[in-house]
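Q: Got a structure for you, questions after.
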Amino acid sequence: MNTFNKEERLCSRKFLDLLFKNGSSFLLYPFRVSYMYVPVEHEFPAQIVINVAKKRYKRAVDRNLIKRRSREAYRLQKELELYALLLESDELLLLSLQFVGKKIYDFSFFEKKMAAALKRLIANLEAKNTTGKDGSN
């Protein structure tokens with residue numbers, strides 16, 4: 001399942017608005033990660049959108065390069081890191097990765113930072129799951 005299908009991309013305007021209004025987020029340089037669970041039927045356990053600010057990177061070539069590297073790093077690590085936890089859940093995880101870095105890094109940097117971001121996301125999701133089940137939330 002080392003692919004990145006159309007169904008894994010977050011395109012729905014309704015879900016995007018919901019994610020940015022009600023979702024939780026954290027910053028792990030060079031990414032700002034926003035996430036939220038939605039109780040909906042789904043084929044894949046997570047949908048993701050990757051953003052790069054036009055204000056910081058004026059040239060589309062630079063924005064596309066950053067998005068390509070981010071997508072590839074996510075594609076390679078989603079199965080190992082994220083999907084193992086999410087397959088247990090019957091909810092869909094909406095995920096946003098916003099690149100807030102100040103320069104264009106090489107792919108190895110993206111891989112390391114994506115792994116760290118996914119580990120922190122998993123830790124946050126597990127913490128929410130344990131507090132939600134106890135009823136103390």
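Residues in the structure tokens are numbered from 1 in each chain, the chains being A, B, ... in the order shown, and ligands are numbered from 1 in the order shown.
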Residues near Phe15 in chain A, anyone? I mean within 12 Å using only C-alpha atoms, not counting same-chain ones fewer than 6 positions away, as an mmCIF file with C-alpha atoms, in the first residue's frame.

A:
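Once everything was written out, this is result-v2.cif:
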```cif
data_model
loop_
_atom_site.group_PDB
_atom_site.id
_atom_site.type_symbol
_atom_site.label_atom_id
_atom_site.label_comp_id
_atom_site.auth_asym_id
_atom_site.auth_seq_id
_atom_site.Cartn_x
_atom_site.Cartn_y
_atom_site.Cartn_z
ATOM 1 C CA ARG A 9 -6.127 13.533 -0.969
ATOM 2 C CA LYS A 21 -11.992 25.661 12.218
ATOM 3 C CA ASN A 22 -12.246 22.763 14.680
ATOM 4 C CA GLY A 23 -9.061 20.727 14.264
ATOM 5 C CA TYR A 35 -5.607 17.050 12.264
ATOM 6 C CA MET A 36 -9.119 15.972 13.134
ATOM 7 C CA TYR A 37 -11.211 12.804 13.219
ATOM 8 C CA VAL A 38 -14.493 12.697 11.269
ATOM 9 C CA PRO A 39 -17.058 9.880 11.608
ATOM 10 C CA VAL A 40 -17.646 9.082 7.939
ATOM 11 C CA GLN A 47 -6.934 12.105 3.877
ATOM 12 C CA ILE A 48 -4.201 14.731 3.576
ATOM 13 C CA VAL A 49 -3.700 18.146 2.024
ATOM 14 C CA LEU A 92 -11.490 9.183 8.993
ATOM 15 C CA LEU A 93 -8.444 11.277 9.923
ATOM 16 C CA LEU A 94 -8.275 14.641 8.156
ATOM 17 C CA LEU A 95 -4.705 15.865 7.993
ATOM 18 C CA SER A 96 -3.112 19.099 6.806
#
```

Q: Could you go through range 12-130 of chain A and tell me which residues DSSP, when run on the backbone, assigns to alpha helix (DSSP H), listing them as a PyMOL selection string?

A: chain A and resi 13-22+60-77+83-86+107-130

Q: For those residues, write C-alpha atoms to a file as a PDB file, in the first residue's frame.

A:
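Output contents, as saved in result06.pdb:
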```pdb
ATOM      1  CA  ARG A  13     -14.297  22.107   0.844  1.00  0.00           C
ATOM      2  CA  LYS A  14     -16.593  21.044   3.698  1.00  0.00           C
ATOM      3  CA  PHE A  15     -13.918  18.886   5.324  1.00  0.00           C
ATOM      4  CA  LEU A  16     -11.214  21.525   4.783  1.00  0.00           C
ATOM      5  CA  ASP A  17     -13.312  24.193   6.510  1.00  0.00           C
ATOM      6  CA  LEU A  18     -14.122  21.790   9.327  1.00  0.00           C
ATOM      7  CA  LEU A  19     -10.457  20.873   9.775  1.00  0.00           C
ATOM      8  CA  PHE A  20      -9.186  24.440   9.927  1.00  0.00           C
ATOM      9  CA  LYS A  21     -11.992  25.661  12.218  1.00  0.00           C
ATOM     10  CA  ASN A  22     -12.246  22.763  14.680  1.00  0.00           C
ATOM     11  CA  ALA A  60       5.183  27.982  -8.652  1.00  0.00           C
ATOM     12  CA  VAL A  61       8.204  25.824  -9.483  1.00  0.00           C
ATOM     13  CA  ASP A  62       9.478  26.190  -5.908  1.00  0.00           C
ATOM     14  CA  ARG A  63       6.066  25.514  -4.353  1.00  0.00           C
ATOM     15  CA  ASN A  64       5.582  22.417  -6.492  1.00  0.00           C
ATOM     16  CA  LEU A  65       9.045  21.100  -5.613  1.00  0.00           C
ATOM     17  CA  ILE A  66       8.306  21.413  -1.893  1.00  0.00           C
ATOM     18  CA  LYS A  67       4.896  19.761  -2.295  1.00  0.00           C
ATOM     19  CA  ARG A  68       6.398  16.914  -4.327  1.00  0.00           C
ATOM     20  CA  ARG A  69       9.066  16.247  -1.714  1.00  0.00           C
ATOM     21  CA  SER A  70       6.530  16.412   1.110  1.00  0.00           C
ATOM     22  CA  ARG A  71       4.117  14.054  -0.665  1.00  0.00           C
ATOM     23  CA  GLU A  72       6.862  11.545  -1.374  1.00  0.00           C
ATOM     24  CA  ALA A  73       8.104  11.610   2.229  1.00  0.00           C
ATOM     25  CA  TYR A  74       4.520  11.090   3.454  1.00  0.00           C
ATOM     26  CA  ARG A  75       3.892   8.295   0.948  1.00  0.00           C
ATOM     27  CA  LEU A  76       6.963   6.374   2.067  1.00  0.00           C
ATOM     28  CA  GLN A  77       6.257   6.675   5.792  1.00  0.00           C
ATOM     29  CA  TYR A  83      -1.759   3.562   9.160  1.00  0.00           C
ATOM     30  CA  ALA A  84      -0.969   0.917  11.784  1.00  0.00           C
ATOM     31  CA  LEU A  85      -2.720   3.068  14.404  1.00  0.00           C
ATOM     32  CA  LEU A  86      -5.539   4.295  12.157  1.00  0.00           C
ATOM     33  CA  PHE A 107      14.726  15.255   0.344  1.00  0.00           C
ATOM     34  CA  SER A 108      16.581  13.598   3.248  1.00  0.00           C
ATOM     35  CA  PHE A 109      15.628  16.543   5.486  1.00  0.00           C
ATOM     36  CA  PHE A 110      11.977  16.161   4.442  1.00  0.00           C
ATOM     37  CA  GLU A 111      12.093  12.442   5.271  1.00  0.00           C
ATOM     38  CA  LYS A 112      13.497  13.027   8.767  1.00  0.00           C
ATOM     39  CA  LYS A 113      11.070  15.813   9.581  1.00  0.00           C
ATOM     40  CA  MET A 114       8.073  13.924   8.178  1.00  0.00           C
ATOM     41  CA  ALA A 115       8.940  10.908  10.342  1.00  0.00           C
ATOM     42  CA  ALA A 116       9.193  13.154  13.407  1.00  0.00           C
ATOM     43  CA  ALA A 117       5.909  14.903  12.565  1.00  0.00           C
ATOM     44  CA  LEU A 118       4.074  11.594  12.100  1.00  0.00           C
ATOM     45  CA  LYS A 119       5.477  10.245  15.400  1.00  0.00           C
ATOM     46  CA  ARG A 120       4.276  13.339  17.222  1.00  0.00           C
ATOM     47  CA  LEU A 121       0.887  13.091  15.507  1.00  0.00           C
ATOM     48  CA  ILE A 122       0.567   9.467  16.628  1.00  0.00           C
ATOM     49  CA  ALA A 123       1.485  10.439  20.193  1.00  0.00           C
ATOM     50  CA  ASN A 124      -1.164  13.191  20.156  1.00  0.00           C
ATOM     51  CA  LEU A 125      -3.802  10.852  18.710  1.00  0.00           C
ATOM     52  CA  GLU A 126      -3.035   8.149  21.303  1.00  0.00           C
ATOM     53  CA  ALA A 127      -3.226  10.718  24.091  1.00  0.00           C
ATOM     54  CA  LYS A 128      -6.623  11.893  22.819  1.00  0.00           C
ATOM     55  CA  ASN A 129      -7.869   8.317  22.519  1.00  0.00           C
ATOM     56  CA  THR A 130      -6.928   7.479  26.112  1.00  0.00           C
TER      57      THR A 130
END
```

Q: Which of these, A:Gln98, A:Ser89, A:Leu80, A:Cys11, has the shortest distance to Ser34 in chain A once you count only C-alpha atoms?

A: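 Result for the nearest residue to Ser34 in chain A: A:Gln98.
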
Q: Nearest to Glu88 in chain A: which of A:Phe26, A:Glu8, A:Pro45, A:Asn2 is it, counting only C-alpha atoms?

A: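 When distances to Glu88 in chain A are compared using only C-alpha atoms, the smallest one comes from A:Pro45.
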
Q: At a cut-off of 9 Å, using only C-alpha atoms, what residues contact His42 in chain A? Leave out same-chain residues fewer than 6 positions from it and give the result as number ranges by chain.

A: A: 7, 90-92
